[in-house]
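I have placed the structure first, in the form of structure tokens, so that the comments after it can refer back to it.
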Amino acid sequence: MTVRNQSTPARTPQDKLPEDRRHMIRRRWLTAVIIVLLVGIPAGYLVISAGQSRDSGRDKERESSAAGLQDNWPSLMKRRVFEVPVPAGSWGVAYYETSNWKTSRLYVQFTTTATGLDAFLAESGTSRAALAPGRVTVGERDTDIAGWTFTEGMNWAGTTVGREKPRPTTDLTVDLTDPAFPRVYAVSTTSP
């Protein structure tokens, strides 16, 4: 006699066991968490990014609408681009930037120590020996834009630091009336 192999018939989808309540709640909770993560995080990122972009635009608008020197340090990026390495510990720092399709200029003034001046000149690619006594290298147009006056009776010295294009050219004028605390006036010009 032969015994037949008895097997249970395959279940069809209609015959699935019903889902218990605890499993259903857990599945719905997990689905909700995944949706929040997939939608909420990118949405939150977009909101934060838009706010930062708007604030950045307002800062740039405020800066570009300023007329004349601003009593503040130029950003590190501006100092690098225009190659005006304001020495650490300087005071009375002010700057102004102009830009158009042809030329960009950064006007910077600051007071430093004798050592700070030497460091600034060295980083700019020049030295005290290049400063011509009695010479004001900042042009009349730039003087008017920055609101500077180079009056007689002061101990002025100046030089122009020329660099290979596209690097900027910098006109430096230094007030050495008090040699321990020289006042530097720099106009750095670059053309793209």
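Simple scheme: letters A, B, ... for chains in structure tokens order, numbers from 1 for residues in each chain, numbers from 1 for ligands in the order shown.
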Taking only chain A into account, list the residues labelled alpha helix (DSSP H) by DSSP (computed from the backbone), as a tab-separated table (two decimals) with N, CA and C atoms, in the first residue's frame.
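Dumped to selection32.tsv:
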```tsv
chain	number	residue	atom	x	y	z
A	21	ARG	N	-4.04	43.92	16.15
A	21	ARG	CA	-4.11	45.36	16.38
A	21	ARG	C	-2.74	45.97	16.70
A	22	ARG	N	-1.96	45.31	17.51
A	22	ARG	CA	-0.65	45.83	17.90
A	22	ARG	C	0.27	45.98	16.67
A	23	HIS	N	0.26	45.00	15.80
A	23	HIS	CA	1.09	45.05	14.59
A	23	HIS	C	0.62	46.16	13.66
A	24	MET	N	-0.69	46.34	13.54
A	24	MET	CA	-1.23	47.38	12.69
A	24	MET	C	-0.81	48.78	13.21
A	25	ILE	N	-0.90	49.00	14.52
A	25	ILE	CA	-0.52	50.29	15.10
A	25	ILE	C	0.97	50.54	14.88
A	26	ARG	N	1.80	49.53	15.09
A	26	ARG	CA	3.24	49.65	14.90
A	26	ARG	C	3.55	49.99	13.44
A	27	ARG	N	2.90	49.31	12.49
A	27	ARG	CA	3.12	49.57	11.07
A	27	ARG	C	2.71	50.98	10.70
A	28	ARG	N	1.56	51.44	11.17
A	28	ARG	CA	1.11	52.81	10.87
A	28	ARG	C	2.04	53.86	11.48
A	29	TRP	N	2.51	53.59	12.68
A	29	TRP	CA	3.44	54.51	13.35
A	29	TRP	C	4.76	54.60	12.57
A	30	LEU	N	5.27	53.46	12.14
A	30	LEU	CA	6.51	53.43	11.36
A	30	LEU	C	6.32	54.16	10.03
A	31	THR	N	5.20	53.96	9.39
A	31	THR	CA	4.90	54.65	8.13
A	31	THR	C	4.87	56.17	8.35
A	32	ALA	N	4.23	56.61	9.42
A	32	ALA	CA	4.16	58.06	9.72
A	32	ALA	C	5.54	58.64	9.98
A	33	VAL	N	6.38	57.92	10.72
A	33	VAL	CA	7.74	58.40	11.00
A	33	VAL	C	8.54	58.51	9.71
A	34	ILE	N	8.44	57.54	8.85
A	34	ILE	CA	9.17	57.57	7.57
A	34	ILE	C	8.71	58.74	6.72
A	35	ILE	N	7.42	58.99	6.67
A	35	ILE	CA	6.89	60.12	5.89
A	35	ILE	C	7.41	61.43	6.45
A	41	ILE	N	12.29	66.67	6.88
A	41	ILE	CA	13.69	67.10	6.92
A	41	ILE	C	14.06	67.94	5.71
A	42	PRO	N	13.77	67.50	4.47
A	42	PRO	CA	14.09	68.38	3.34
A	42	PRO	C	13.32	69.70	3.39
A	43	ALA	N	12.07	69.67	3.84
A	43	ALA	CA	11.30	70.91	3.93
A	43	ALA	C	11.92	71.86	4.96
A	44	GLY	N	12.33	71.30	6.10
A	44	GLY	CA	12.99	72.13	7.12
A	44	GLY	C	14.29	72.70	6.60
A	45	TYR	N	15.05	71.89	5.87
A	45	TYR	CA	16.31	72.36	5.29
A	45	TYR	C	16.04	73.52	4.33
A	46	LEU	N	15.01	73.39	3.50
A	46	LEU	CA	14.69	74.46	2.55
A	46	LEU	C	14.31	75.75	3.27
A	47	VAL	N	13.54	75.64	4.34
A	47	VAL	CA	13.14	76.83	5.10
A	47	VAL	C	14.37	77.52	5.70
A	48	ILE	N	15.26	76.74	6.32
A	48	ILE	CA	16.47	77.31	6.92
A	48	ILE	C	17.36	77.92	5.84
A	49	SER	N	17.54	77.22	4.74
A	49	SER	CA	18.37	77.70	3.64
A	49	SER	C	17.82	79.00	3.06
A	50	ALA	N	16.51	79.06	2.88
A	50	ALA	CA	15.89	80.29	2.34
A	50	ALA	C	16.10	81.45	3.29
A	51	GLY	N	15.97	81.21	4.58
A	51	GLY	CA	16.20	82.28	5.56
A	51	GLY	C	17.64	82.78	5.54
A	52	GLN	N	18.59	81.87	5.45
A	52	GLN	CA	19.99	82.28	5.39
A	52	GLN	C	20.28	83.04	4.11
A	53	SER	N	19.72	82.59	3.02
A	53	SER	CA	19.94	83.26	1.74
A	53	SER	C	19.36	84.68	1.78
A	54	ARG	N	18.18	84.82	2.36
A	54	ARG	CA	17.55	86.13	2.46
A	54	ARG	C	18.39	87.06	3.34
A	55	ASP	N	18.87	86.53	4.48
A	55	ASP	CA	19.71	87.34	5.36
A	55	ASP	C	21.00	87.75	4.67
A	56	SER	N	21.60	86.83	3.91
A	56	SER	CA	22.83	87.13	3.19
A	56	SER	C	22.58	88.24	2.17
A	57	GLY	N	21.46	88.15	1.47
A	57	GLY	CA	21.12	89.18	0.49
A	57	GLY	C	20.93	90.53	1.15
A	58	ARG	N	20.31	90.55	2.32
A	58	ARG	CA	20.10	91.81	3.03
A	58	ARG	C	21.44	92.40	3.47
A	59	ASP	N	22.36	91.54	3.95
A	59	ASP	CA	23.69	92.02	4.35
A	59	ASP	C	24.42	92.62	3.16
A	60	LYS	N	24.37	91.94	2.01
A	60	LYS	CA	25.05	92.44	0.81
A	60	LYS	C	24.40	93.75	0.33
A	61	GLU	N	23.08	93.81	0.42
A	61	GLU	CA	22.38	95.03	0.01
A	61	GLU	C	22.78	96.19	0.91
A	62	ARG	N	22.82	95.95	2.22
A	62	ARG	CA	23.21	96.98	3.16
A	62	ARG	C	24.63	97.45	2.89
A	63	GLU	N	25.51	96.49	2.62
A	63	GLU	CA	26.91	96.83	2.37
A	63	GLU	C	27.07	97.60	1.07
A	64	SER	N	26.37	97.18	0.02
A	64	SER	CA	26.53	97.85	-1.26
A	64	SER	C	25.83	99.20	-1.30
A	65	SER	N	24.85	99.41	-0.43
A	65	SER	CA	24.17	100.71	-0.42
A	65	SER	C	24.91	101.73	0.42
A	76	LEU	N	37.64	88.65	5.44
A	76	LEU	CA	38.90	87.97	5.12
A	76	LEU	C	38.97	87.68	3.62
A	77	MET	N	37.84	87.32	3.03
A	77	MET	CA	37.81	87.05	1.61
A	77	MET	C	38.20	88.29	0.81
A	78	LYS	N	37.64	89.45	1.18
A	78	LYS	CA	37.97	90.69	0.46
A	78	LYS	C	39.45	91.03	0.62
A	79	ARG	N	39.96	90.84	1.83
A	79	ARG	CA	41.38	91.12	2.06
A	79	ARG	C	42.25	90.22	1.21
A	80	ARG	N	41.83	88.97	1.01
A	80	ARG	CA	42.61	88.06	0.18
A	80	ARG	C	42.50	88.40	-1.29
A	81	VAL	N	41.27	88.65	-1.76
A	81	VAL	CA	41.06	88.95	-3.17
A	81	VAL	C	41.81	90.21	-3.58
A	114	ALA	N	54.56	100.41	14.27
A	114	ALA	CA	55.67	100.38	13.32
A	114	ALA	C	55.93	98.95	12.86
A	115	THR	N	55.86	98.00	13.77
A	115	THR	CA	56.05	96.60	13.42
A	115	THR	C	54.91	96.11	12.53
A	116	GLY	N	53.69	96.54	12.84
A	116	GLY	CA	52.53	96.17	12.02
A	116	GLY	C	52.66	96.71	10.60
A	117	LEU	N	53.19	97.93	10.47
A	117	LEU	CA	53.39	98.51	9.13
A	117	LEU	C	54.40	97.68	8.35
A	118	ASP	N	55.50	97.31	8.99
A	118	ASP	CA	56.51	96.50	8.30
A	118	ASP	C	55.92	95.16	7.86
A	119	ALA	N	55.13	94.54	8.72
A	119	ALA	CA	54.50	93.26	8.37
A	119	ALA	C	53.52	93.45	7.21
A	120	PHE	N	52.73	94.52	7.26
A	120	PHE	CA	51.77	94.81	6.19
A	120	PHE	C	52.49	95.02	4.86
A	121	LEU	N	53.54	95.81	4.87
A	121	LEU	CA	54.28	96.07	3.64
A	121	LEU	C	54.90	94.79	3.08
A	122	ALA	N	55.46	93.97	3.97
A	122	ALA	CA	56.08	92.71	3.52
A	122	ALA	C	55.03	91.78	2.90
A	123	GLU	N	53.87	91.66	3.54
A	123	GLU	CA	52.82	90.79	3.00
A	123	GLU	C	52.23	91.36	1.71
A	124	SER	N	52.32	92.67	1.54
A	124	SER	CA	51.82	93.30	0.32
A	124	SER	C	52.81	93.19	-0.83
A	140	GLU	N	43.35	111.55	-7.05
A	140	GLU	CA	42.31	112.50	-6.65
A	140	GLU	C	40.92	111.88	-6.71
A	141	ARG	N	40.65	111.10	-7.75
A	141	ARG	CA	39.33	110.46	-7.89
A	141	ARG	C	39.08	109.52	-6.71
A	142	ASP	N	40.09	108.70	-6.37
A	142	ASP	CA	39.94	107.77	-5.25
A	142	ASP	C	39.83	108.51	-3.92
A	143	THR	N	40.55	109.60	-3.79
A	143	THR	CA	40.48	110.41	-2.57
A	143	THR	C	39.07	110.94	-2.37
A	144	ASP	N	38.45	111.41	-3.45
A	144	ASP	CA	37.08	111.92	-3.37
A	144	ASP	C	36.09	110.81	-3.01
A	145	ILE	N	36.24	109.64	-3.61
A	145	ILE	CA	35.33	108.53	-3.34
A	145	ILE	C	35.41	108.10	-1.88
A	146	ALA	N	36.63	107.98	-1.37
A	146	ALA	CA	36.82	107.51	0.01
A	146	ALA	C	36.60	108.62	1.04
```
Write out as a PyMOL selection string the residues lying within 12 Å of Gly147 in chain A, counting only C-alpha atoms and excluding same-chain residues fewer than 3 positions away.
chain A and resi 67-70+94-96+107-109+138-144+150+185
Would you mind reading off the distance between CA of Pro168 in chain A and CA of Val184 in chain A, one decimal, in Å?
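Distance reported for this atom pair: 17.5 Å.
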Backbone DSSP call of strand (DSSP E) for range 3-185 of chain A, listed as number ranges by chain:
A: 91-99, 104-111, 132-133, 156-161, 169-175, 183-185
Restricting it to C-alpha atoms, dump the selection as a PDB file, in the first residue's frame.
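Writing done, so here's selection_16.pdb:
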```pdb
ATOM      1  CA  TRP A  91      42.575  99.981  14.947  1.00  0.00           C
ATOM      2  CA  GLY A  92      40.532 102.677  13.304  1.00  0.00           C
ATOM      3  CA  VAL A  93      39.928 100.199  10.475  1.00  0.00           C
ATOM      4  CA  ALA A  94      37.458 101.262   7.800  1.00  0.00           C
ATOM      5  CA  TYR A  95      36.800 100.132   4.247  1.00  0.00           C
ATOM      6  CA  TYR A  96      34.670 100.731   1.182  1.00  0.00           C
ATOM      7  CA  GLU A  97      34.281  98.629  -1.967  1.00  0.00           C
ATOM      8  CA  THR A  98      33.185  99.717  -5.420  1.00  0.00           C
ATOM      9  CA  SER A  99      32.513  97.391  -8.323  1.00  0.00           C
ATOM     10  CA  SER A 104      36.640  96.676  -8.646  1.00  0.00           C
ATOM     11  CA  ARG A 105      38.305  98.732  -5.920  1.00  0.00           C
ATOM     12  CA  LEU A 106      38.768  98.248  -2.207  1.00  0.00           C
ATOM     13  CA  TYR A 107      39.547 101.325  -0.107  1.00  0.00           C
ATOM     14  CA  VAL A 108      41.020 100.530   3.308  1.00  0.00           C
ATOM     15  CA  GLN A 109      42.392 102.708   6.084  1.00  0.00           C
ATOM     16  CA  PHE A 110      43.837 101.678   9.426  1.00  0.00           C
ATOM     17  CA  THR A 111      46.291 102.664  12.124  1.00  0.00           C
ATOM     18  CA  ALA A 132      58.805 107.587  -1.327  1.00  0.00           C
ATOM     19  CA  PRO A 133      58.820 110.457   1.217  1.00  0.00           C
ATOM     20  CA  TRP A 156      53.341 111.378   3.858  1.00  0.00           C
ATOM     21  CA  ALA A 157      55.085 108.509   2.101  1.00  0.00           C
ATOM     22  CA  GLY A 158      53.733 106.353  -0.678  1.00  0.00           C
ATOM     23  CA  THR A 159      54.286 103.596  -3.166  1.00  0.00           C
ATOM     24  CA  THR A 160      52.363 101.573  -5.712  1.00  0.00           C
ATOM     25  CA  VAL A 161      52.515  97.801  -5.561  1.00  0.00           C
ATOM     26  CA  THR A 169      47.472  96.845  -8.090  1.00  0.00           C
ATOM     27  CA  THR A 170      47.608  98.665  -4.756  1.00  0.00           C
ATOM     28  CA  ASP A 171      48.300 102.354  -4.144  1.00  0.00           C
ATOM     29  CA  LEU A 172      49.621 102.814  -0.609  1.00  0.00           C
ATOM     30  CA  THR A 173      49.938 106.126   1.179  1.00  0.00           C
ATOM     31  CA  VAL A 174      51.172 106.188   4.771  1.00  0.00           C
ATOM     32  CA  ASP A 175      51.001 109.019   7.303  1.00  0.00           C
ATOM     33  CA  ARG A 183      48.131 105.530   9.461  1.00  0.00           C
ATOM     34  CA  VAL A 184      47.773 103.535   6.224  1.00  0.00           C
ATOM     35  CA  TYR A 185      45.540 104.412   3.264  1.00  0.00           C
TER      36      TYR A 185
END
```
Two-atom distance - CA of Val39 in chain A, CA of Asp20 in chain A (Å):
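About the pair CA of Val39 in chain A and CA of Asp20 in chain A: they are 28.7 Å apart.
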